[in-house]
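Asks: File my_file_37.cif below, mmCIF, C-alpha atoms and all ligand atoms:
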data_entry
#
loop_
_atom_site.label_atom_id
_atom_site.label_comp_id
_atom_site.auth_asym_id
_atom_site.auth_seq_id
_atom_site.Cartn_x
_atom_site.Cartn_y
_atom_site.Cartn_z
CA MET A 198 96.86 244.90 133.37
CA ALA A 199 95.60 242.49 130.69
CA ALA A 200 92.59 241.67 132.85
CA ASP A 201 91.75 245.38 133.19
CA ALA A 202 91.95 245.86 129.44
CA GLU A 203 89.63 242.94 128.89
CA LYS A 204 87.09 244.27 131.37
CA LYS A 205 87.01 247.58 129.51
CA SER A 206 86.32 245.99 126.12
CA ASP A 207 82.87 246.28 124.57
CA ALA A 208 80.77 243.45 123.08
CA SER A 209 82.64 243.52 119.74
CA GLY A 210 85.88 242.88 121.57
CA LYS A 211 87.17 246.41 120.95
CA SER A 212 88.57 248.28 123.91
CA GLU A 213 87.03 251.58 125.01
CA ASP A 214 90.12 253.42 126.16
CA GLY A 215 92.57 252.73 123.33
CA VAL A 216 94.13 249.74 125.09
CA LYS A 217 94.03 246.89 122.61
CA VAL A 218 92.60 243.52 123.48
CA ALA A 219 94.02 240.17 122.36
CA GLN A 220 91.84 239.85 119.24
CA GLU A 221 93.12 243.20 117.94
CA LEU A 222 96.81 242.54 118.32
CA GLU A 223 98.49 242.29 114.90
CA SER A 224 101.80 241.51 116.60
CA LEU A 225 100.41 238.42 118.33
CA LYS A 226 98.86 237.24 115.07
CA TRP A 227 102.25 237.22 113.31
CA VAL A 228 104.04 235.77 116.32
CA ARG A 229 101.59 232.87 116.20
CA GLU A 230 101.70 232.45 112.42
CA ARG A 231 105.49 232.39 112.13
CA ARG A 232 106.78 228.91 111.38
CA SER A 233 110.00 227.23 110.32
CA ILE A 234 109.76 226.50 106.61
CA ARG A 235 112.18 224.05 105.04
CA GLU A 236 110.79 223.66 101.52
CA PHE A 237 111.22 226.46 99.06
CA THR A 238 110.21 226.67 95.41
CA GLY A 239 113.49 228.27 94.33
CA GLU A 240 111.62 231.26 92.85
CA LYS A 241 112.99 234.77 93.17
CA ILE A 242 111.67 237.30 95.67
CA SER A 243 111.58 240.99 94.75
CA ASP A 244 114.52 243.12 95.89
CA GLU A 245 112.08 245.52 97.55
CA HIS A 246 110.64 242.78 99.74
CA ILE A 247 114.06 241.49 100.74
CA GLU A 248 115.10 245.03 101.65
CA LEU A 249 112.00 245.43 103.83
CA ILE A 250 112.94 242.24 105.67
CA LEU A 251 116.54 243.43 106.14
CA GLU A 252 115.26 246.78 107.39
CA ALA A 253 113.52 244.96 110.25
CA ALA A 254 116.87 243.54 111.42
CA ARG A 255 118.34 247.03 111.76
CA HIS A 256 115.81 247.84 114.49
CA ALA A 257 116.93 245.14 116.90
CA PRO A 258 117.74 246.38 120.37
CA SER A 259 121.35 246.03 121.52
CA PRO A 260 123.42 247.03 124.56
CA GLU A 261 124.05 250.78 124.32
CA ASN A 262 122.87 250.47 120.73
CA MET A 263 126.22 249.02 119.73
CA LEU A 264 124.65 246.64 117.24
CA MET A 265 127.18 243.84 117.56
CA MET A 266 125.59 242.02 114.62
CA ARG A 267 126.52 241.76 110.95
CA PHE A 268 124.68 240.08 108.08
CA ILE A 269 126.13 238.64 104.89
CA VAL A 270 123.25 238.63 102.44
CA ILE A 271 123.74 235.93 99.82
CA ARG A 272 121.36 236.00 96.88
CA ASP A 273 123.31 235.30 93.68
CA ASP A 274 126.07 232.95 94.81
CA GLN A 275 124.41 229.59 94.19
CA ASP A 276 127.68 227.71 94.82
CA THR A 277 127.80 229.05 98.38
CA LYS A 278 124.14 228.14 98.93
CA GLU A 279 124.92 224.57 97.85
CA PHE A 280 128.05 224.53 100.00
CA LEU A 281 125.88 225.50 103.01
CA ALA A 282 123.32 222.83 102.08
CA ASP A 283 126.15 220.24 102.04
CA LEU A 284 127.36 221.36 105.49
CA ALA A 285 123.81 221.26 106.89
CA GLN A 286 123.19 217.79 105.52
CA GLU A 287 126.48 216.43 106.84
CA MET A 288 125.84 217.91 110.29
CA ALA A 289 122.25 216.64 110.38
CA GLN A 290 123.48 213.10 109.71
CA THR A 291 125.82 213.46 112.69
CA ALA A 292 123.15 215.06 114.90
CA PHE A 293 120.13 212.92 114.06
CA GLY A 294 121.41 209.88 112.17
CA GLY A 295 122.01 207.82 115.30
CA ALA A 296 118.88 208.57 117.33
CA PRO A 297 116.38 205.72 117.62
CA PHE A 298 113.18 206.30 115.67
CA GLU A 299 110.94 206.04 118.75
CA LEU A 300 112.62 208.96 120.50
CA THR A 301 112.25 211.50 117.74
CA SER A 302 108.93 210.04 116.76
CA GLY A 303 107.55 210.84 120.21
CA ARG A 304 108.71 214.43 120.02
CA ASN A 305 107.08 214.78 116.60
CA TRP A 306 103.70 213.44 117.70
CA PHE A 307 101.91 216.29 115.91
CA ILE A 308 102.85 214.89 112.48
CA SER A 309 100.28 212.25 111.58
CA ASP A 310 101.32 208.64 111.08
CA PRO A 311 101.86 208.14 107.36
CA TYR A 312 103.98 211.31 107.17
CA ARG A 313 106.01 211.01 110.36
CA ALA A 314 108.21 208.20 109.10
CA ALA A 315 108.92 210.07 105.88
CA VAL A 316 109.79 213.28 107.72
CA TYR A 317 112.01 211.28 110.05
CA ALA A 318 113.82 209.63 107.13
CA ARG A 319 114.58 213.06 105.67
CA LEU A 320 115.75 214.23 109.09
CA ARG A 321 118.14 211.30 109.49
CA ASP A 322 119.75 211.54 106.10
CA GLY A 323 119.79 215.33 106.39
CA GLU A 324 117.90 215.95 103.16
CA LEU A 325 115.37 218.04 105.11
CA PHE A 326 118.08 220.57 105.88
CA ARG A 327 119.31 221.21 102.36
CA TYR A 328 116.96 224.17 102.04
CA PRO A 329 119.66 226.89 101.73
CA GLU A 330 120.12 225.75 98.12
CA LYS A 331 116.49 226.53 97.26
CA SER A 332 116.27 229.79 99.23
CA ASP A 333 116.10 233.14 97.51
CA THR A 334 118.24 234.70 100.24
CA VAL A 335 120.61 233.15 102.75
CA ILE A 336 121.77 235.49 105.47
CA LEU A 337 124.88 234.53 107.41
CA VAL A 338 124.29 236.19 110.76
CA CYS A 339 127.42 237.05 112.77
CA ALA A 340 127.86 238.25 116.35
CA SER A 341 130.88 239.76 118.07
CA GLU A 342 132.09 239.79 121.66
CA ALA A 343 134.52 242.62 120.94
CA TRP A 344 132.60 245.10 118.78
CA HIS A 345 132.23 247.78 121.44
CA ASP A 346 134.35 250.23 123.44
CA ALA A 347 134.36 248.50 126.84
CA GLY A 348 137.67 247.24 128.17
CA TYR A 349 136.51 243.65 128.36
CA LEU A 350 134.64 241.18 126.20
CA TYR A 351 130.86 240.95 126.16
CA PRO A 352 130.17 237.21 125.92
CA ASN A 353 128.11 236.28 122.88
CA SER A 354 126.00 234.04 125.07
CA LEU A 355 124.69 237.12 126.91
CA PHE A 356 124.92 239.84 124.26
CA GLY A 357 125.83 239.26 120.60
CA SER A 358 123.75 236.12 120.11
CA VAL A 359 120.80 237.73 121.84
CA VAL A 360 121.01 240.83 119.64
CA CYS A 361 121.24 238.65 116.52
CA GLY A 362 118.32 236.53 117.74
CA MET A 363 116.17 239.62 118.12
CA ALA A 364 117.15 240.83 114.65
CA ILE A 365 116.33 237.44 113.19
CA GLN A 366 112.94 237.36 114.87
CA ASN A 367 112.19 240.84 113.47
CA MET A 368 113.05 239.61 109.96
CA TRP A 369 111.10 236.39 110.45
CA LEU A 370 107.92 238.23 111.42
CA VAL A 371 108.11 240.68 108.51
CA ALA A 372 108.85 237.85 106.06
CA THR A 373 105.87 235.90 107.45
CA GLU A 374 103.56 238.88 107.00
CA LEU A 375 104.83 239.25 103.41
CA GLY A 376 103.92 235.58 102.83
CA TYR A 377 107.43 234.12 102.65
CA GLY A 378 108.94 231.24 104.58
CA CYS A 379 112.08 231.28 106.71
CA GLY A 380 114.35 228.60 108.11
CA TYR A 381 116.94 229.01 110.85
CA GLU A 382 119.87 226.84 109.77
CA ALA A 383 122.15 226.61 112.80
CA LEU A 384 123.51 223.25 111.66
CA VAL A 385 126.00 224.92 109.31
CA CYS A 386 127.81 226.65 112.19
CA SER A 387 127.37 224.12 114.99
CA ASP A 388 130.71 222.41 114.38
CA PRO A 389 133.60 224.91 114.69
CA ARG A 390 135.36 223.15 111.80
CA HIS A 391 132.40 223.87 109.53
CA ALA A 392 132.21 227.43 110.87
CA GLN A 393 135.86 227.92 109.91
CA LEU A 394 135.11 226.77 106.35
CA ILE A 395 132.34 229.37 106.19
CA ARG A 396 134.64 232.09 107.55
CA ASP A 397 137.27 231.30 104.91
CA ARG A 398 134.75 231.19 102.10
CA VAL A 399 133.08 234.55 102.70
CA GLY A 400 135.88 236.37 104.56
CA ILE A 401 134.46 236.73 108.08
CA PRO A 402 137.05 238.45 110.35
CA PRO A 403 138.18 236.66 113.54
CA ILE A 404 136.25 238.85 116.01
CA TRP A 405 132.95 237.96 114.32
CA GLU A 406 131.31 234.60 114.86
CA PRO A 407 128.86 233.13 112.34
CA LEU A 408 125.80 231.85 114.20
CA THR A 409 123.39 230.70 111.55
CA ALA A 410 122.38 230.74 107.91
CA PHE A 411 118.95 232.34 108.03
CA CYS A 412 117.07 231.37 104.88
CA ILE A 413 114.20 233.18 103.19
CA GLY A 414 112.23 231.89 100.23
CA LYS A 415 108.90 231.27 98.56
CA ARG A 416 107.20 228.44 100.41
CA VAL A 417 106.19 225.25 98.63
CA SER A 418 103.13 225.40 100.91
CA PRO A 419 102.21 227.29 104.05
CA ARG A 420 102.94 225.25 107.15
CA ALA A 421 99.60 225.21 108.92
CA LEU A 422 100.32 222.98 111.86
CA GLY A 423 103.41 223.62 113.92
CA PRO A 424 104.78 221.94 116.99
CA SER A 425 102.64 222.90 119.94
CA ARG A 426 104.15 224.84 122.78
CA ALA A 427 104.05 224.01 126.46
CA PRO A 428 101.24 225.87 128.21
CA LEU A 429 102.12 229.03 130.17
CA GLU A 430 102.22 227.16 133.46
CA GLY A 431 104.82 224.80 131.99
CA LEU A 432 107.22 227.61 131.16
CA MET A 433 106.53 230.46 133.60
CA TYR A 434 107.01 230.51 137.33
CA GLU A 435 105.23 232.84 139.70
CA GLU A 436 107.52 234.98 141.84
CA ARG A 437 110.07 232.18 142.33
CA TRP A 438 111.48 229.12 140.54
CA GLY A 439 109.22 226.08 140.55
CA ARG A 440 105.88 227.74 141.41
CA PRO A 441 103.84 227.38 138.21
CA TYR A 442 102.20 230.49 136.80
CA THR A 443 98.41 230.37 137.18
CA ARG A 444 96.49 231.41 134.11
CA LEU A 445 93.70 233.96 134.64
CA ALA A 446 91.08 231.32 133.77
CA PHE A 447 92.19 229.23 136.75
CA ARG A 448 92.46 231.98 139.33
CA GLU A 449 89.78 231.94 141.99
CA ASP A 450 89.49 235.75 142.17
CA LYS A 451 89.03 236.17 138.39
C1 LIG B 1 118.73 228.73 118.10
C2 LIG B 1 117.92 227.94 117.11
C3 LIG B 1 118.52 226.94 116.37
C4 LIG B 1 117.81 226.24 115.40
N1 LIG B 1 118.46 225.35 114.59
C5 LIG B 1 117.83 224.88 113.50
C6 LIG B 1 118.56 224.19 112.48
O1 LIG B 1 119.78 224.01 112.56
N2 LIG B 1 117.88 223.76 111.38
C7 LIG B 1 116.55 223.99 111.24
O2 LIG B 1 116.00 223.63 110.20
N3 LIG B 1 115.81 224.62 112.19
C8 LIG B 1 116.44 225.09 113.30
N4 LIG B 1 115.73 225.83 114.23
C9 LIG B 1 114.27 225.98 114.10
C10 LIG B 1 113.56 225.10 115.14
O3 LIG B 1 113.68 223.74 114.82
C11 LIG B 1 112.07 225.52 115.19
O4 LIG B 1 111.98 226.87 115.55
C12 LIG B 1 111.27 224.69 116.20
O5 LIG B 1 111.23 223.34 115.82
C13 LIG B 1 109.83 225.22 116.33
O6 LIG B 1 109.18 225.21 115.08
P1 LIG B 1 108.57 226.53 114.45
O7 LIG B 1 109.74 227.49 114.20
O8 LIG B 1 107.90 226.13 113.17
O9 LIG B 1 107.62 227.15 115.42
C14 LIG B 1 116.43 226.51 115.22
C15 LIG B 1 115.81 227.49 116.00
C16 LIG B 1 116.54 228.21 116.92
C17 LIG B 1 115.87 229.32 117.69
#
Would you encode the structure as structure tokens?
Ligand SMILES: Cc1cc2nc3c(=O)[nH]c(=O)nc-3n(C[C@H](O)[C@H](O)[C@H](O)COP(=O)(O)O)c2cc1C

Replies:
Amino acid sequence: MAADAEKKSDASGKSEDGVKVAQELESLKWVRERRSIREFTGEKISDEHIELILEAARHAPSPENMLMMRFIVIRDDQDTKEFLADLAQEMAQTAFGGAPFELTSGRNWFISDPYRAAVYARLRDGELFRYPEKSDTVILVCASEAWHDAGYLYPNSLFGSVVCGMAIQNMWLVATELGYGCGYEALVCSDPRHAQLIRDRVGIPPIWEPLTAFCIGKRVSPRALGPSRAPLEGLMYEERWGRPYTRLAFREDK
């Protein structure tokens, strides 16, 4: 399909029959530009822009359109933002505080030498993850296994979390296009004891499970270089497990 579309494109890269080619795809541009941002200026974002971002979440697909997702949008409650920052920092110390430098350092090869140690220090003491307190908007995203009319539960691992993930990605892309940064703070909900504190604080009912604090804010600076991704053949298999996908450039019949 993609190969056909490319063959039909003219010299300027535009396609002849209305099928877009890679260079024309706005969606791919924003997918590639989206990054995790963890440093915010603390400035306010306009209500209109935040509403546009929320609107994107509404369009997430869900099984039978049952939308088993809810969002608590926190903008004014600075105490709760700081409470979430405290939880994230405490959890980060537990998660990363004990890992030897060399291990994490290897995974973060794309950060150049003088900065890697500093980033790692902030990772270990959890300071890097305090960003909810400087975000304009923190969205507590909740999924439910029971919010539907079937006579059994739909596991969040297969349904609710997936729906929420799609909604979050929609918001992330719109926020990126608007020029804002986003951070996915799962650390606040990773320990069920912390999740319970969040439930109590903002009144989340038992059938809803908080998954993350999704943070939106003005970026201190755009994050140009992100962690690279494995190439297609590292992630995709052809027809069956273990047979690496062959990119078009490496196919003999191309
Ligand atoms: C399910 C999930 C959980 C994540 N948890 C956290 C988190 O707790 N804190 C954080 O700052 N980033 C978190 N991230 C963001 C990842 O670290 C980030 O997406 C990854 O390192 C790739 O970087 P990029 O988003 O800039 O492309 C999470 C992302 C996902 C999808």

Asks: Name all residues at most 10 Å from A:Leu264 (count only C-alpha atoms; drop same-chain ones fewer than 3 positions away) and give them as a list in words.

Replies: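 Close residues of A:Leu264: Arg255, His256, Ala257, Pro258, Ser259, Pro260, Glu261, Arg267, Ala340, Ser341, Trp344, His345, Phe356, Gly357, Val360, Cys361 and Ala364 of chain A.
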
Asks: Kindly indicate which residue among A:Phe307, A:Phe268, A:Met263, A:His391 lies nearest to A:Glu342, using only C-alpha atoms for the distances.

Replies: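 For A:Glu342, the nearest of the candidates is A:Met263.
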
Asks: Between A:Ser233, A:Thr373, A:Thr301, A:Ser387, which one has atoms that come closest to ligand LIG 1 (chain B), using only C-alpha atoms and all ligand atoms?

Replies: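 That would be A:Ser233, the residue with the smallest distance to ligand LIG 1 (chain B).
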
Asks: From the options A:Ile308, A:Val359, A:Ile395, A:Cys412, which residue's atoms come nearest to A:Ile271, counting only C-alpha atoms?

Replies: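 So, comparing all the options, the nearest one is A:Cys412.
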
Asks: What is the atom CA of A:Met265-atom CA of A:Pro352 distance in Å, reported with one decimal?

Replies: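 Atom CA of A:Met265 sits 11.1 Å away from atom CA of A:Pro352.
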
Asks: Up to 9 Å from (101.4, 238.5, 111.6) in the file's coordinates: name the residues, counting all atoms listed in the file, as a compact mmCIF listing (two decimals) with C-alpha atoms, in the frame of the given file.

Replies:
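That gives us out29.txt:
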# COMPACT_ATOMS: atom_id res chain seq x y z
CA GLU A 223 98.49 242.29 114.90
CA SER A 224 101.80 241.51 116.60
CA LEU A 225 100.41 238.42 118.33
CA LYS A 226 98.86 237.24 115.07
CA TRP A 227 102.25 237.22 113.31
CA VAL A 228 104.04 235.77 116.32
CA ARG A 229 101.59 232.87 116.20
CA GLU A 230 101.70 232.45 112.42
CA ARG A 231 105.49 232.39 112.13
CA LEU A 370 107.92 238.23 111.42
CA VAL A 371 108.11 240.68 108.51
CA THR A 373 105.87 235.90 107.45
CA GLU A 374 103.56 238.88 107.00
CA LEU A 375 104.83 239.25 103.41

Asks: Can I get the residues close to ligand LIG 1 (chain B) as a ChimeraX atom specification, where close means within 10 Å and we count only C-alpha atoms and all ligand atoms?

Replies: /A:228-235,285-286,288-289,292,305,320,323,325-329,358-359,362,365-366,369,379-387,408-412,420-426

Asks: Let me make sure I understand: among A:Leu394, A:Ala318, A:Leu222, A:Ala347, which one has the smallest atom-to-atom distance to A:Phe293 if we use all atoms listed in the file?

Replies: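 Going through A:Leu394, A:Ala318, A:Leu222, A:Ala347 one by one, the smallest distance to A:Phe293 is for A:Ala318.
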
Asks: Could you work out how far atom CA of A:Glu245 lies from atom CA of A:Trp405, giving the answer in Å with one decimal?

Replies: 27.8 Å

Asks: N, CA and C atoms for stretch 334-359 of chain A, written as a CSV table (one decimal), keeping the file's coordinate frame, could you do that?

Replies:
chain,number,residue,atom,x,y,z
A,334,THR,N,117.2,234.0,99.5
A,334,THR,CA,118.2,234.7,100.2
A,334,THR,C,118.7,233.9,101.4
A,335,VAL,N,120.0,233.8,101.6
A,335,VAL,CA,120.6,233.2,102.8
A,335,VAL,C,121.4,234.2,103.5
A,336,ILE,N,121.1,234.4,104.7
A,336,ILE,CA,121.8,235.5,105.5
A,336,ILE,C,122.7,234.8,106.5
A,337,LEU,N,124.0,235.0,106.4
A,337,LEU,CA,124.9,234.5,107.4
A,337,LEU,C,124.9,235.6,108.5
A,338,VAL,N,124.4,235.2,109.7
A,338,VAL,CA,124.3,236.2,110.8
A,338,VAL,C,125.5,236.0,111.7
A,339,CYS,N,126.2,237.1,112.0
A,339,CYS,CA,127.4,237.0,112.8
A,339,CYS,C,127.3,238.0,114.0
A,340,ALA,N,127.9,237.5,115.1
A,340,ALA,CA,127.9,238.2,116.4
A,340,ALA,C,129.3,238.5,116.8
A,341,SER,N,129.5,239.5,117.6
A,341,SER,CA,130.9,239.8,118.1
A,341,SER,C,130.9,240.1,119.6
A,342,GLU,N,131.9,239.5,120.2
A,342,GLU,CA,132.1,239.8,121.7
A,342,GLU,C,132.9,241.1,121.9
A,343,ALA,N,133.5,241.5,120.8
A,343,ALA,CA,134.5,242.6,120.9
A,343,ALA,C,134.1,243.9,120.3
A,344,TRP,N,133.0,243.9,119.6
A,344,TRP,CA,132.6,245.1,118.8
A,344,TRP,C,131.9,246.1,119.7
A,345,HIS,N,132.7,246.7,120.5
A,345,HIS,CA,132.2,247.8,121.4
A,345,HIS,C,133.4,248.4,122.1
A,346,ASP,N,133.2,249.5,122.9
A,346,ASP,CA,134.4,250.2,123.4
A,346,ASP,C,134.6,249.9,124.9
A,347,ALA,N,134.1,248.9,125.4
A,347,ALA,CA,134.4,248.5,126.8
A,347,ALA,C,135.7,247.8,126.9
A,348,GLY,N,136.3,247.8,128.0
A,348,GLY,CA,137.7,247.2,128.2
A,348,GLY,C,137.7,245.7,128.4
A,349,TYR,N,136.6,245.1,128.2
A,349,TYR,CA,136.5,243.6,128.4
A,349,TYR,C,135.5,243.1,127.3
A,350,LEU,N,135.5,241.8,127.2
A,350,LEU,CA,134.6,241.2,126.2
A,350,LEU,C,133.2,241.0,126.7
A,351,TYR,N,132.3,241.2,125.8
A,351,TYR,CA,130.9,241.0,126.2
A,351,TYR,C,130.6,239.6,125.6
A,352,PRO,N,130.4,238.6,126.5
A,352,PRO,CA,130.2,237.2,125.9
A,352,PRO,C,129.0,237.1,125.0
A,353,ASN,N,129.2,236.4,123.9
A,353,ASN,CA,128.1,236.3,122.9
A,353,ASN,C,126.9,235.6,123.5
A,354,SER,N,127.1,234.7,124.5
A,354,SER,CA,126.0,234.0,125.1
A,354,SER,C,125.0,235.0,125.8
A,355,LEU,N,125.6,236.2,126.2
A,355,LEU,CA,124.7,237.1,126.9
A,355,LEU,C,124.3,238.3,126.0
A,356,PHE,N,125.1,238.6,125.0
A,356,PHE,CA,124.9,239.8,124.3
A,356,PHE,C,124.8,239.6,122.8
A,357,GLY,N,125.9,239.3,122.1
A,357,GLY,CA,125.8,239.3,120.6
A,357,GLY,C,124.8,238.3,120.0
A,358,SER,N,124.7,237.1,120.6
A,358,SER,CA,123.8,236.1,120.1
A,358,SER,C,122.3,236.6,120.4
A,359,VAL,N,122.1,237.3,121.5
A,359,VAL,CA,120.8,237.7,121.8
A,359,VAL,C,120.4,238.8,120.9
